[in-house]
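Structure file entry03.cif with mmCIF, C-alpha atoms:
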```
data_structure
#
loop_
_atom_site.label_atom_id
_atom_site.label_comp_id
_atom_site.auth_asym_id
_atom_site.auth_seq_id
_atom_site.Cartn_x
_atom_site.Cartn_y
_atom_site.Cartn_z
CA MET H 5 -12.30 -3.74 -19.44
CA GLY H 6 -12.39 -5.15 -15.91
CA MET H 7 -9.17 -5.07 -13.91
CA GLU H 8 -9.95 -8.52 -12.51
CA ASN H 9 -9.39 -10.48 -15.74
CA ARG H 10 -6.52 -8.35 -16.85
CA LYS H 11 -3.66 -10.09 -18.59
CA TYR H 12 -0.29 -9.10 -17.15
CA PRO H 13 2.77 -9.07 -19.39
CA SER H 14 4.89 -10.88 -16.78
CA SER H 15 3.99 -13.59 -14.30
CA ALA H 16 6.26 -12.07 -11.63
CA LEU H 17 4.37 -8.80 -12.03
CA GLN H 18 1.06 -10.64 -11.82
CA ASN H 19 2.14 -12.37 -8.59
CA ALA H 20 3.18 -9.08 -7.05
CA VAL H 21 -0.06 -7.36 -8.07
CA GLU H 22 -2.11 -10.20 -6.63
CA ALA H 23 -0.21 -10.20 -3.33
CA ILE H 24 -0.27 -6.42 -2.94
CA SER H 25 -3.92 -6.02 -3.91
CA ALA H 26 -4.85 -8.48 -1.14
CA LEU H 27 -3.94 -5.71 1.34
CA PRO H 28 -6.89 -3.70 2.65
CA GLY H 29 -7.59 -0.47 0.80
CA ILE H 30 -5.34 -1.26 -2.18
CA GLY H 31 -7.08 -2.17 -5.43
CA ARG H 32 -5.53 -3.85 -8.45
CA ARG H 33 -4.76 -0.55 -10.14
CA GLY H 34 -2.98 0.74 -7.03
CA ALA H 35 -1.16 -2.57 -6.66
CA LEU H 36 0.04 -2.37 -10.27
CA ARG H 37 1.27 1.16 -9.66
CA LEU H 38 3.18 0.04 -6.54
CA ALA H 39 4.69 -3.01 -8.28
CA LEU H 40 5.90 -0.91 -11.21
CA HIS H 41 7.27 1.62 -8.73
CA LEU H 42 9.22 -1.16 -6.98
CA LEU H 43 10.69 -2.28 -10.31
CA LYS H 44 12.25 1.17 -10.67
CA GLN H 45 13.78 1.18 -7.17
CA PRO H 46 17.30 0.10 -6.21
CA GLN H 47 17.37 -3.58 -5.26
CA GLU H 48 18.36 -2.81 -1.65
CA ASN H 49 15.20 -0.77 -1.05
CA VAL H 50 13.03 -3.58 -2.37
CA SER H 51 14.91 -6.15 -0.28
CA PHE H 52 14.49 -3.96 2.81
CA LEU H 53 10.73 -3.88 2.23
CA ALA H 54 10.46 -7.62 1.57
CA GLU H 55 12.56 -8.46 4.60
CA ALA H 56 10.75 -6.05 6.92
CA ILE H 57 7.48 -7.71 5.90
CA SER H 58 8.68 -11.29 6.16
CA ARG H 59 10.38 -10.75 9.53
CA LEU H 60 7.40 -8.89 10.99
CA ALA H 61 5.64 -11.94 12.39
CA ASP H 62 8.86 -13.58 13.62
CA ASP H 63 10.41 -10.56 15.28
CA VAL H 64 7.36 -9.05 16.93
CA HIS H 65 6.71 -10.21 20.47
CA TYR H 66 3.57 -9.78 22.52
CA CYS H 67 3.78 -8.63 26.12
CA LYS H 68 2.85 -11.62 28.27
CA ARG H 69 0.95 -9.33 30.63
CA CYS H 70 -0.97 -6.85 28.45
CA MET H 71 -0.56 -8.36 24.95
CA MET H 72 0.90 -5.15 23.57
CA LEU H 73 3.45 -5.52 20.79
CA CYS H 74 7.01 -5.33 22.06
CA ASP H 75 10.57 -6.53 21.58
CA SER H 76 10.76 -8.90 24.53
CA ASP H 77 8.58 -10.77 27.02
CA LEU H 78 7.29 -7.74 28.83
CA CYS H 79 6.47 -4.44 27.10
CA GLU H 80 8.11 -1.15 28.01
CA ILE H 81 4.95 0.10 29.69
CA CYS H 82 4.40 -2.99 31.82
CA SER H 83 8.06 -2.99 32.89
CA ASP H 84 8.03 0.72 33.76
CA ASN H 85 7.84 1.20 37.55
CA ALA H 86 7.02 4.88 37.13
CA ARG H 87 3.64 3.94 35.65
CA ASP H 88 0.66 3.36 37.89
CA HIS H 89 0.02 -0.38 37.71
CA ARG H 90 -3.25 -0.03 39.60
CA GLN H 91 -4.84 1.63 36.58
CA ILE H 92 -5.52 -0.79 33.74
CA CYS H 93 -6.82 0.74 30.52
CA VAL H 94 -8.60 -1.90 28.42
CA VAL H 95 -8.43 -1.28 24.68
CA GLU H 96 -9.33 -3.13 21.52
CA SER H 97 -5.99 -2.95 19.73
CA VAL H 98 -2.33 -2.04 19.68
CA ARG H 99 -3.22 1.07 17.70
CA ASP H 100 -5.44 2.30 20.54
CA VAL H 101 -2.53 2.01 22.99
CA MET H 102 -0.41 4.07 20.62
CA SER H 103 -3.17 6.68 20.27
CA ILE H 104 -3.59 7.04 24.05
CA GLU H 105 0.20 7.15 24.58
CA ASP H 106 0.34 9.94 22.01
CA THR H 107 -1.89 12.09 24.24
CA GLY H 108 0.72 11.96 27.05
CA GLN H 109 -2.18 12.15 29.52
CA TYR H 110 -2.26 8.60 30.81
CA HIS H 111 0.26 7.09 33.21
CA GLY H 112 -1.31 3.74 34.04
CA VAL H 113 -0.91 0.45 32.17
CA TYR H 114 -2.95 -1.27 29.45
CA HIS H 115 -4.68 -4.44 28.53
CA VAL H 116 -5.10 -5.20 24.82
CA LEU H 117 -8.16 -7.34 24.03
CA GLY H 118 -7.06 -8.07 20.48
CA GLY H 119 -10.51 -7.35 19.08
CA ILE H 120 -14.04 -6.43 19.99
CA ILE H 121 -17.15 -8.56 20.35
CA SER H 122 -18.78 -8.58 16.93
CA PRO H 123 -21.34 -11.21 15.96
CA ILE H 124 -21.35 -9.89 12.37
CA ASN H 125 -17.60 -10.48 12.05
CA GLY H 126 -17.82 -13.75 13.97
CA ILE H 127 -15.81 -12.46 16.94
CA ALA H 128 -17.01 -13.96 20.23
CA PRO H 129 -15.87 -13.11 23.77
CA SER H 130 -13.77 -16.29 23.70
CA ASP H 131 -11.69 -14.80 20.86
CA LEU H 132 -10.59 -11.93 23.08
CA ASN H 133 -7.83 -11.75 25.69
CA ILE H 134 -10.33 -11.60 28.58
CA PRO H 135 -8.94 -14.44 30.78
CA GLY H 136 -5.64 -12.55 30.90
CA LEU H 137 -7.44 -9.49 32.26
CA LEU H 138 -9.33 -11.50 34.88
CA SER H 139 -6.16 -13.18 36.14
CA ARG H 140 -4.45 -9.78 36.41
CA LEU H 141 -7.36 -8.52 38.50
CA SER H 142 -7.29 -11.67 40.61
CA GLU H 143 -3.56 -11.28 41.28
CA ALA H 144 -4.00 -7.61 42.13
CA GLU H 145 -6.79 -8.51 44.56
CA SER H 146 -4.63 -11.16 46.22
CA ARG H 147 -1.97 -8.47 46.69
CA GLY H 148 -4.65 -6.29 48.29
CA GLU H 149 -4.32 -3.61 45.60
CA GLU H 150 -7.20 -1.37 44.65
CA THR H 151 -7.42 -1.47 40.88
CA GLU H 152 -9.20 0.79 38.44
CA VAL H 153 -10.27 -0.69 35.12
CA ILE H 154 -10.78 1.91 32.40
CA LEU H 155 -12.91 0.59 29.57
CA ALA H 156 -11.52 2.55 26.60
CA LEU H 157 -13.42 0.99 23.74
CA SER H 158 -14.93 2.69 20.73
CA GLY H 159 -18.31 4.34 21.14
CA ASP H 160 -20.19 2.21 18.63
CA VAL H 161 -22.56 -0.68 19.31
CA GLU H 162 -19.80 -3.28 19.31
CA GLY H 163 -17.70 -1.24 21.72
CA GLU H 164 -20.64 -0.72 24.06
CA THR H 165 -21.51 -4.42 23.89
CA THR H 166 -17.95 -5.37 24.77
CA SER H 167 -17.82 -2.85 27.62
CA PHE H 168 -21.02 -4.24 29.04
CA TYR H 169 -19.77 -7.83 28.73
CA LEU H 170 -16.49 -6.94 30.42
CA TYR H 171 -18.31 -5.06 33.17
CA ARG H 172 -20.21 -8.21 34.07
CA GLN H 173 -17.05 -10.35 33.98
CA ILE H 174 -15.22 -7.88 36.18
CA ALA H 175 -18.08 -7.41 38.66
CA PRO H 176 -16.88 -10.16 41.09
CA PHE H 177 -13.62 -8.27 41.65
CA LYS H 178 -13.24 -5.32 43.96
CA VAL H 179 -12.31 -2.85 41.23
CA ARG H 180 -13.46 0.57 40.19
CA VAL H 181 -14.72 0.45 36.59
CA THR H 182 -14.62 3.65 34.57
CA THR H 183 -15.05 4.49 30.93
CA LEU H 184 -13.82 7.23 28.62
CA ALA H 185 -15.66 10.55 28.82
CA ARG H 186 -17.53 10.90 25.58
CA GLY H 187 -16.13 14.21 24.53
CA LEU H 188 -15.70 12.22 21.34
CA GLY H 189 -18.73 12.18 19.13
CA PHE H 190 -20.86 9.09 19.53
CA GLY H 191 -19.64 6.39 17.15
CA ASP H 192 -16.19 7.91 16.65
CA ASP H 193 -13.24 5.56 16.30
CA LEU H 194 -10.49 6.05 18.88
CA GLU H 195 -7.90 5.76 16.17
CA TYR H 196 -9.00 8.89 14.32
CA ALA H 197 -9.67 11.11 17.31
CA ASP H 198 -7.39 14.10 17.78
CA SER H 199 -5.00 13.93 20.74
CA LEU H 200 -6.59 16.85 22.59
CA THR H 201 -10.08 15.36 22.64
CA LEU H 202 -8.82 11.89 23.44
CA GLY H 203 -6.58 13.22 26.20
CA ARG H 204 -9.46 15.13 27.77
CA SER H 205 -11.68 12.05 27.52
CA ILE H 206 -9.27 9.92 29.47
CA LEU H 207 -8.74 12.63 32.14
CA SER H 208 -12.48 13.08 32.71
CA ARG H 209 -13.32 9.40 32.65
CA GLN H 210 -16.47 8.52 34.54
CA PRO H 211 -17.88 5.65 36.60
CA PHE H 212 -19.30 2.95 34.32
CA ASN H 213 -23.10 2.85 34.76
CA PRO H 214 -24.61 0.34 32.42
CA MET D 15 1.70 14.65 17.98
CA GLY D 16 3.47 14.22 14.67
CA MET D 17 3.55 10.77 13.11
CA GLU D 18 7.17 11.26 12.11
CA ASN D 19 8.69 11.09 15.58
CA ARG D 20 6.32 8.46 16.77
CA LYS D 21 7.70 5.85 19.12
CA TYR D 22 6.75 2.36 18.02
CA PRO D 23 6.32 -0.37 20.62
CA SER D 24 8.37 -2.88 18.59
CA SER D 25 11.42 -2.39 16.39
CA ALA D 26 10.16 -4.96 13.88
CA LEU D 27 6.94 -2.96 13.58
CA GLN D 28 8.92 0.23 13.18
CA ASN D 29 11.01 -1.30 10.38
CA ALA D 30 7.91 -2.47 8.58
CA VAL D 31 6.19 0.91 8.92
CA GLU D 32 9.27 2.69 7.61
CA ALA D 33 9.62 0.37 4.62
CA ILE D 34 5.92 0.45 3.74
CA SER D 35 5.54 4.21 4.15
CA ALA D 36 8.36 4.72 1.64
CA LEU D 37 5.92 3.55 -1.03
CA PRO D 38 4.21 6.33 -2.98
CA GLY D 39 0.78 7.34 -1.70
CA ILE D 40 1.11 5.49 1.62
CA GLY D 41 1.66 7.64 4.71
CA ARG D 42 2.87 6.45 8.10
CA ARG D 43 -0.65 5.99 9.41
CA GLY D 44 -1.59 3.85 6.43
CA ALA D 45 1.67 1.92 6.75
CA LEU D 46 0.96 1.21 10.41
CA ARG D 47 -2.52 -0.01 9.49
CA LEU D 48 -1.07 -2.34 6.84
CA ALA D 49 1.66 -3.65 9.16
CA LEU D 50 -0.84 -4.42 11.92
CA HIS D 51 -3.08 -6.06 9.32
CA LEU D 52 -0.18 -8.27 8.23
CA LEU D 53 0.43 -9.31 11.84
CA LYS D 54 -3.08 -10.75 11.91
CA GLN D 55 -2.69 -12.72 8.69
CA PRO D 56 -1.64 -16.37 8.35
CA GLN D 57 2.12 -16.65 7.91
CA GLU D 58 1.79 -18.10 4.39
CA ASN D 59 -0.04 -15.01 3.12
CA VAL D 60 2.66 -12.74 4.51
CA SER D 61 5.40 -14.92 3.05
CA PHE D 62 3.66 -14.88 -0.33
CA LEU D 63 3.65 -11.09 -0.27
CA ALA D 64 7.27 -10.79 0.87
CA GLU D 65 8.42 -13.31 -1.74
CA ALA D 66 6.40 -11.76 -4.56
CA ILE D 67 8.03 -8.42 -3.77
CA SER D 68 11.58 -9.72 -3.38
CA ARG D 69 11.40 -11.83 -6.55
CA LEU D 70 9.89 -9.05 -8.63
CA ALA D 71 13.16 -7.57 -9.82
CA ASP D 72 14.81 -10.96 -10.38
CA ASP D 73 11.98 -12.65 -12.22
CA VAL D 74 10.81 -9.82 -14.44
CA HIS D 75 12.47 -9.66 -17.85
CA TYR D 76 12.46 -6.82 -20.31
CA CYS D 77 11.81 -7.48 -23.99
CA LYS D 78 15.12 -6.91 -25.78
CA ARG D 79 13.25 -5.28 -28.67
CA CYS D 80 10.58 -3.04 -27.13
CA MET D 81 11.55 -3.00 -23.43
CA MET D 82 8.11 -4.21 -22.36
CA LEU D 83 8.00 -6.38 -19.23
CA CYS D 84 7.84 -10.07 -20.06
CA ASP D 85 8.82 -13.57 -18.94
CA SER D 86 11.57 -14.19 -21.50
CA ASP D 87 13.86 -12.39 -23.96
CA LEU D 88 11.14 -11.28 -26.32
CA CYS D 89 7.69 -10.17 -25.17
CA GLU D 90 4.49 -11.84 -26.35
CA ILE D 91 3.61 -8.91 -28.57
CA CYS D 92 7.00 -8.71 -30.30
CA SER D 93 6.99 -12.47 -30.87
CA ASP D 94 3.45 -12.49 -32.27
CA ASN D 95 3.50 -12.79 -36.07
CA ALA D 96 -0.16 -11.85 -36.30
CA ARG D 97 0.70 -8.30 -35.15
CA ASP D 98 1.72 -5.65 -37.64
CA HIS D 99 5.41 -5.09 -37.01
CA ARG D 100 5.47 -2.08 -39.34
CA GLN D 101 3.47 -0.07 -36.80
CA ILE D 102 5.49 0.92 -33.76
CA CYS D 103 3.59 2.66 -30.98
CA VAL D 104 5.97 4.65 -28.76
CA VAL D 105 4.84 4.97 -25.15
CA GLU D 106 6.27 6.24 -21.91
CA SER D 107 5.72 3.16 -19.76
CA VAL D 108 4.64 -0.42 -19.37
CA ARG D 109 1.33 0.79 -17.99
CA ASP D 110 0.61 2.64 -21.23
CA VAL D 111 1.11 -0.57 -23.23
CA MET D 112 -1.34 -2.30 -20.91
CA SER D 113 -3.86 0.54 -21.30
CA ILE D 114 -3.69 0.45 -25.11
CA GLU D 115 -3.85 -3.37 -25.16
CA ASP D 116 -6.99 -3.11 -23.03
CA THR D 117 -8.72 -1.14 -25.79
CA GLY D 118 -8.31 -4.09 -28.20
CA GLN D 119 -8.03 -1.54 -31.04
CA TYR D 120 -4.35 -1.72 -31.82
CA HIS D 121 -2.61 -4.57 -33.63
CA GLY D 122 0.89 -3.20 -34.16
CA VAL D 123 3.86 -3.42 -31.80
CA TYR D 124 5.26 -1.08 -29.15
CA HIS D 125 8.35 0.70 -28.02
CA VAL D 126 8.60 1.57 -24.31
CA LEU D 127 10.73 4.66 -23.63
CA GLY D 128 10.90 4.02 -19.90
CA GLY D 129 10.15 7.63 -19.06
CA ILE D 130 9.50 11.03 -20.53
CA ILE D 131 11.79 14.04 -20.97
CA SER D 132 11.40 16.08 -17.80
CA PRO D 133 13.96 18.70 -16.80
CA ILE D 134 12.16 19.20 -13.47
CA ASN D 135 12.54 15.52 -12.59
CA GLY D 136 16.05 15.39 -14.04
CA ILE D 137 15.11 13.04 -16.89
CA ALA D 138 17.10 13.78 -20.04
CA PRO D 139 16.71 12.21 -23.50
CA SER D 140 19.76 10.06 -22.71
CA ASP D 141 17.80 8.40 -19.89
CA LEU D 142 15.24 7.08 -22.35
CA ASN D 143 15.33 4.02 -24.57
CA ILE D 144 15.66 6.10 -27.74
CA PRO D 145 18.72 4.39 -29.31
CA GLY D 146 16.73 1.13 -29.31
CA LEU D 147 13.97 2.81 -31.31
CA LEU D 148 16.39 4.29 -33.82
CA SER D 149 18.10 0.95 -34.40
CA ARG D 150 14.71 -0.71 -34.93
CA LEU D 151 13.89 1.94 -37.55
CA SER D 152 17.30 1.53 -39.15
CA GLU D 153 16.83 -2.25 -39.37
CA ALA D 154 13.34 -1.83 -40.82
CA GLU D 155 14.68 0.59 -43.42
CA SER D 156 17.46 -1.83 -44.40
CA ARG D 157 14.77 -4.47 -44.93
CA GLY D 158 12.93 -1.98 -47.16
CA GLU D 159 9.90 -1.89 -44.85
CA GLU D 160 7.67 1.15 -44.59
CA THR D 161 7.24 1.85 -40.91
CA GLU D 162 4.73 3.98 -39.06
CA VAL D 163 5.78 5.44 -35.73
CA ILE D 164 2.85 6.36 -33.51
CA LEU D 165 3.84 8.82 -30.80
CA ALA D 166 1.44 7.86 -27.99
CA LEU D 167 2.66 10.09 -25.19
CA SER D 168 0.61 12.03 -22.68
CA GLY D 169 -0.82 15.37 -23.78
CA ASP D 170 1.02 17.51 -21.24
CA VAL D 171 4.06 19.70 -21.79
CA GLU D 172 6.54 16.91 -21.04
CA GLY D 173 4.76 14.55 -23.43
CA GLU D 174 4.70 17.18 -26.19
CA THR D 175 8.38 17.97 -25.60
CA THR D 176 9.29 14.31 -25.85
CA SER D 177 7.20 13.87 -29.01
CA PHE D 178 8.92 16.81 -30.63
CA TYR D 179 12.36 15.55 -29.62
CA LEU D 180 11.58 12.08 -31.01
CA TYR D 181 10.17 13.57 -34.20
CA ARG D 182 13.48 15.24 -34.87
CA GLN D 183 15.47 12.11 -34.08
CA ILE D 184 13.25 10.04 -36.35
CA ALA D 185 13.24 12.57 -39.22
CA PRO D 186 16.26 11.02 -41.05
CA PHE D 187 14.35 7.76 -41.49
CA LYS D 188 11.70 7.14 -44.12
CA VAL D 189 8.87 6.62 -41.65
CA ARG D 190 5.37 7.97 -41.27
CA VAL D 191 5.06 9.69 -37.89
CA THR D 192 1.60 9.91 -36.37
CA THR D 193 0.28 10.85 -32.96
CA LEU D 194 -2.81 9.99 -30.95
CA ALA D 195 -5.99 11.85 -31.86
CA ARG D 196 -6.70 14.18 -28.98
CA GLY D 197 -10.16 13.00 -28.24
CA LEU D 198 -8.69 12.97 -24.77
CA GLY D 199 -8.78 16.28 -22.97
CA PHE D 200 -5.54 18.24 -23.18
CA GLY D 201 -3.31 17.29 -20.28
CA ASP D 202 -5.03 13.95 -19.60
CA ASP D 203 -2.89 11.04 -18.56
CA LEU D 204 -3.14 7.97 -20.78
CA GLU D 205 -3.36 5.78 -17.76
CA TYR D 206 -6.66 7.18 -16.55
CA ALA D 207 -8.41 7.51 -19.90
CA ASP D 208 -11.39 5.24 -20.49
CA SER D 209 -10.92 2.48 -23.05
CA LEU D 210 -13.48 3.88 -25.51
CA THR D 211 -11.84 7.30 -25.78
CA LEU D 212 -8.35 5.85 -25.88
CA GLY D 213 -9.39 3.29 -28.51
CA ARG D 214 -10.91 5.98 -30.69
CA SER D 215 -7.81 8.13 -30.27
CA ILE D 216 -5.56 5.41 -31.58
CA LEU D 217 -7.87 4.61 -34.51
CA SER D 218 -8.06 8.25 -35.64
CA ARG D 219 -4.39 9.01 -35.14
CA GLN D 220 -3.14 11.86 -37.30
CA PRO D 221 0.06 12.95 -39.07
CA PHE D 222 2.45 14.62 -36.66
CA ASN D 223 2.77 18.33 -37.56
CA PRO D 224 5.00 20.08 -35.11
#
```
Mind turning this structure into structure tokens?
Amino acid sequence: MGMENRKYPSSALQNAVEAISALPGIGRRGALRLALHLLKQPQENVSFLAEAISRLADDVHYCKRCMMLCDSDLCEICSDNARDHRQICVVESVRDVMSIEDTGQYHGVYHVLGGIISPINGIAPSDLNIPGLLSRLSEAESRGEETEVILALSGDVEGETTSFYLYRQIAPFKVRVTTLARGLGFGDDLEYADSLTLGRSILSRQPFNP
Amino acid sequence: MGMENRKYPSSALQNAVEAISALPGIGRRGALRLALHLLKQPQENVSFLAEAISRLADDVHYCKRCMMLCDSDLCEICSDNARDHRQICVVESVRDVMSIEDTGQYHGVYHVLGGIISPINGIAPSDLNIPGLLSRLSEAESRGEETEVILALSGDVEGETTSFYLYRQIAPFKVRVTTLARGLGFGDDLEYADSLTLGRSILSRQPFNP
């Protein structure tokens, strides 16, 4: 019998299963298992989960400079004077920043695009945080700083497309554009790369030659 | 770098990852993925999820007769006069009731133990809803009804132990004790059995001979 039309013995259970199974990678059977697990937990654990979820959107801030998640206006990396602010590593997502930070090999700053150009998923350049990057470069230029932009996007078609698009947008500025060394296999996601490979890739980054 | 000691860029994100990764089968990487997914969702979806989780424990009721989840005092099955109330199918959990209902082959009622005797997991007979079963049998006997108790527990050691324990508790009553036909492989969990096999098992249930 299909799980879709399943009759649940309780409407509260049904609500919970529907809400949980809307999460990516969790089917209705897994959602039922999680809901029944929650029913067996102490109320304070369940409240902690519900509150952590509901406060997520309210309590998370985005860095006004790089769009990284943070607790205030400016993220820890952007407000760290020990980092090299003339190196801007452009990534798709918050997770990519965390992956690169995990390598311990990079001491510059970041710029989070918030996505990647993807016609199939309906994501256009205008959906990405590109104007923020251009104004950072413009400010750096007006301060007479030499900036390096590291395009650290995934090695698939969408990543390459986005890199190429960014390269053309950045071209008017006097910046050095580099990209990750592909020690990673072609098509690998940054997120699943091991720290060693990813760390080596960012150390041996190369001039971007489209 | 280990995921355990990971530094999160936002304390709200860290809270959410910790709460979500406490769920069974979800590691910290999966929890991070889910939390970042939630950050991209419309606020009403996230609120729906948080509310469904926090209201779960408050809004779910347990049937006062069989301990099945329900919306009121008595579950739909126990309050259904078309079901045969002289057949009581004893199961470990709510999920097992749902699995047997899915087969469409059983028209009696249930009794949910709320667990299974498991010394390893510290679950003793006193943790199970056994007194409720005995008082149901006692009431049935005082009404002069002939009752059949179907022991529908999993075919592993803990299930067999629990069946044997129940059999001895039930022995003083004038009831017919049966158990599921093991068309299922030995050691199979009820939950993952296909409907056809499980349906046949309950139709060809057999006298319990310990």
Using all atoms listed in the file, I'd like a table of the residues in chain H that come within 8 Å of chain D; for each, show the closest atom pair and its distance in Å rounded to one decimal, ordered by chain and ascending number, as a tab-separated table.
```
residue	atom	partner	partner_atom	distance
H:Met5	CA	D:Asp116	CA	6.4
H:Tyr12	CA	D:Met112	CA	7.8
H:Pro13	CA	D:Cys84	CA	5.2
H:Ser14	CA	D:Cys84	CA	4.5
H:Ser15	CA	D:Asp85	CA	6.7
H:Ala16	CA	D:Leu70	CA	5.6
H:Leu17	CA	D:Leu70	CA	6.5
H:Asn19	CA	D:Ala66	CA	5.9
H:Ala20	CA	D:Ala66	CA	4.9
H:Ala23	CA	D:Leu63	CA	5.0
H:Ile24	CA	D:Leu63	CA	6.7
H:Leu27	CA	D:Leu48	CA	7.1
H:Pro28	CA	D:Leu48	CA	7.3
H:Leu38	CA	D:Leu37	CA	7.1
H:Ala39	CA	D:Ile67	CA	7.8
H:Leu43	CA	D:Ala71	CA	5.9
H:Gln47	CA	D:Ala71	CA	7.4
H:Val50	CA	D:Ser68	CA	6.4
H:Ser51	CA	D:Ser68	CA	5.8
H:Phe52	CA	D:Ala33	CA	6.8
H:Leu53	CA	D:Ala33	CA	5.0
H:Ala54	CA	D:Ala64	CA	4.6
H:Glu55	CA	D:Ala64	CA	6.9
H:Ala56	CA	D:Ala30	CA	4.9
H:Ile57	CA	D:Ala30	CA	5.9
H:Ser58	CA	D:Ala64	CA	5.5
H:Arg59	CA	D:Ala26	CA	7.2
H:Leu60	CA	D:Ala26	CA	5.6
H:Ala61	CA	D:Leu53	CA	5.9
H:Asp63	CA	D:Ala26	CA	5.8
H:Val64	CA	D:Ala26	CA	5.8
H:His65	CA	D:Ser24	CA	7.7
H:Met72	CA	D:Pro23	CA	7.8
H:Leu73	CA	D:Pro23	CA	5.9
H:Cys74	CA	D:Ser24	CA	4.5
H:Asp75	CA	D:Ser24	CA	5.2
H:Cys79	CA	D:Pro23	CA	7.7
H:Glu80	CA	D:Pro23	CA	7.6
H:Met102	CA	D:Tyr22	CA	7.8
H:Asp106	CA	D:Met15	CA	6.3
H:Thr107	CA	D:Met15	CA	7.7
H:Ser199	CA	D:Met15	CA	7.3
```
Suppose a student applies the PyMOL selection byres ((chain H and resi 128-135) around 10) to this structure; what residues should they get, written as a PDB file with C-alpha atoms, in the frame of the given file?
```pdb
ATOM      1  CA  CYS H  70      -0.970  -6.850  28.450  1.00  0.00           C
ATOM      2  CA  MET H  71      -0.560  -8.360  24.950  1.00  0.00           C
ATOM      3  CA  VAL H  94      -8.600  -1.900  28.420  1.00  0.00           C
ATOM      4  CA  GLU H  96      -9.330  -3.130  21.520  1.00  0.00           C
ATOM      5  CA  HIS H 115      -4.680  -4.440  28.530  1.00  0.00           C
ATOM      6  CA  VAL H 116      -5.100  -5.200  24.820  1.00  0.00           C
ATOM      7  CA  LEU H 117      -8.160  -7.340  24.030  1.00  0.00           C
ATOM      8  CA  GLY H 118      -7.060  -8.070  20.480  1.00  0.00           C
ATOM      9  CA  GLY H 119     -10.510  -7.350  19.080  1.00  0.00           C
ATOM     10  CA  ILE H 120     -14.040  -6.430  19.990  1.00  0.00           C
ATOM     11  CA  ILE H 121     -17.150  -8.560  20.350  1.00  0.00           C
ATOM     12  CA  SER H 122     -18.780  -8.580  16.930  1.00  0.00           C
ATOM     13  CA  PRO H 123     -21.340 -11.210  15.960  1.00  0.00           C
ATOM     14  CA  ILE H 124     -21.350  -9.890  12.370  1.00  0.00           C
ATOM     15  CA  ASN H 125     -17.600 -10.480  12.050  1.00  0.00           C
ATOM     16  CA  GLY H 126     -17.820 -13.750  13.970  1.00  0.00           C
ATOM     17  CA  ILE H 127     -15.810 -12.460  16.940  1.00  0.00           C
ATOM     18  CA  GLY H 136      -5.640 -12.550  30.900  1.00  0.00           C
ATOM     19  CA  LEU H 137      -7.440  -9.490  32.260  1.00  0.00           C
ATOM     20  CA  LEU H 138      -9.330 -11.500  34.880  1.00  0.00           C
ATOM     21  CA  SER H 139      -6.160 -13.180  36.140  1.00  0.00           C
ATOM     22  CA  ARG H 140      -4.450  -9.780  36.410  1.00  0.00           C
ATOM     23  CA  LEU H 141      -7.360  -8.520  38.500  1.00  0.00           C
ATOM     24  CA  THR H 166     -17.950  -5.370  24.770  1.00  0.00           C
ATOM     25  CA  TYR H 169     -19.770  -7.830  28.730  1.00  0.00           C
ATOM     26  CA  LEU H 170     -16.490  -6.940  30.420  1.00  0.00           C
ATOM     27  CA  GLN H 173     -17.050 -10.350  33.980  1.00  0.00           C
ATOM     28  CA  ILE H 174     -15.220  -7.880  36.180  1.00  0.00           C
TER      29      ILE H 174
END
```
Selected residue of minimal separation from H:Ser142 among H:Phe177, H:Tyr196, H:Tyr110, H:Phe168, counting all atoms listed in the file |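 Nearest to H:Ser142: H:Phe177.
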For the structure shown, which residues end up in the PyMOL selection byres ((chain H and resi 211) around 12)? Put them as a list in words, please?
-> Glu152, Val153, Ile154, Leu155, Tyr171, Val179, Arg180, Val181, Thr182, Thr183, Leu184, Ala185, Ile206, Ser208, Arg209, Gln210, Phe212, Asn213 and Pro214 of chain H
Would you mind reading off the distance between atom CA of D:Glu172 and atom CA of D:Gln119, one decimal, in Å?
-> 25.5 Å
Taking the file as shown, find all residues satisfying the PyMOL selection byres ((chain H and resi 158) around 6) and write them as a list in words.
->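 On the file shown, the PyMOL selection byres ((chain H and resi 158) around 6) covers Leu157, Gly159, Asp160, Gly163, Asp193 and Leu194 of chain H.
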Expected axis-aligned box over every listed atom of stretch 109-127 of chain H, 6 Å added per side, centre plus edges in Å to one decimal, as AutoDock Vina command-line options:
```
--center_x -10.5 --center_y -0.8 --center_z 23.0 --size_x 33.6 --size_y 37.9 --size_z 34.0
```
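Note that atom CA of H:Cys93 and atom CA of H:Pro176 are 18.2 Å apart.
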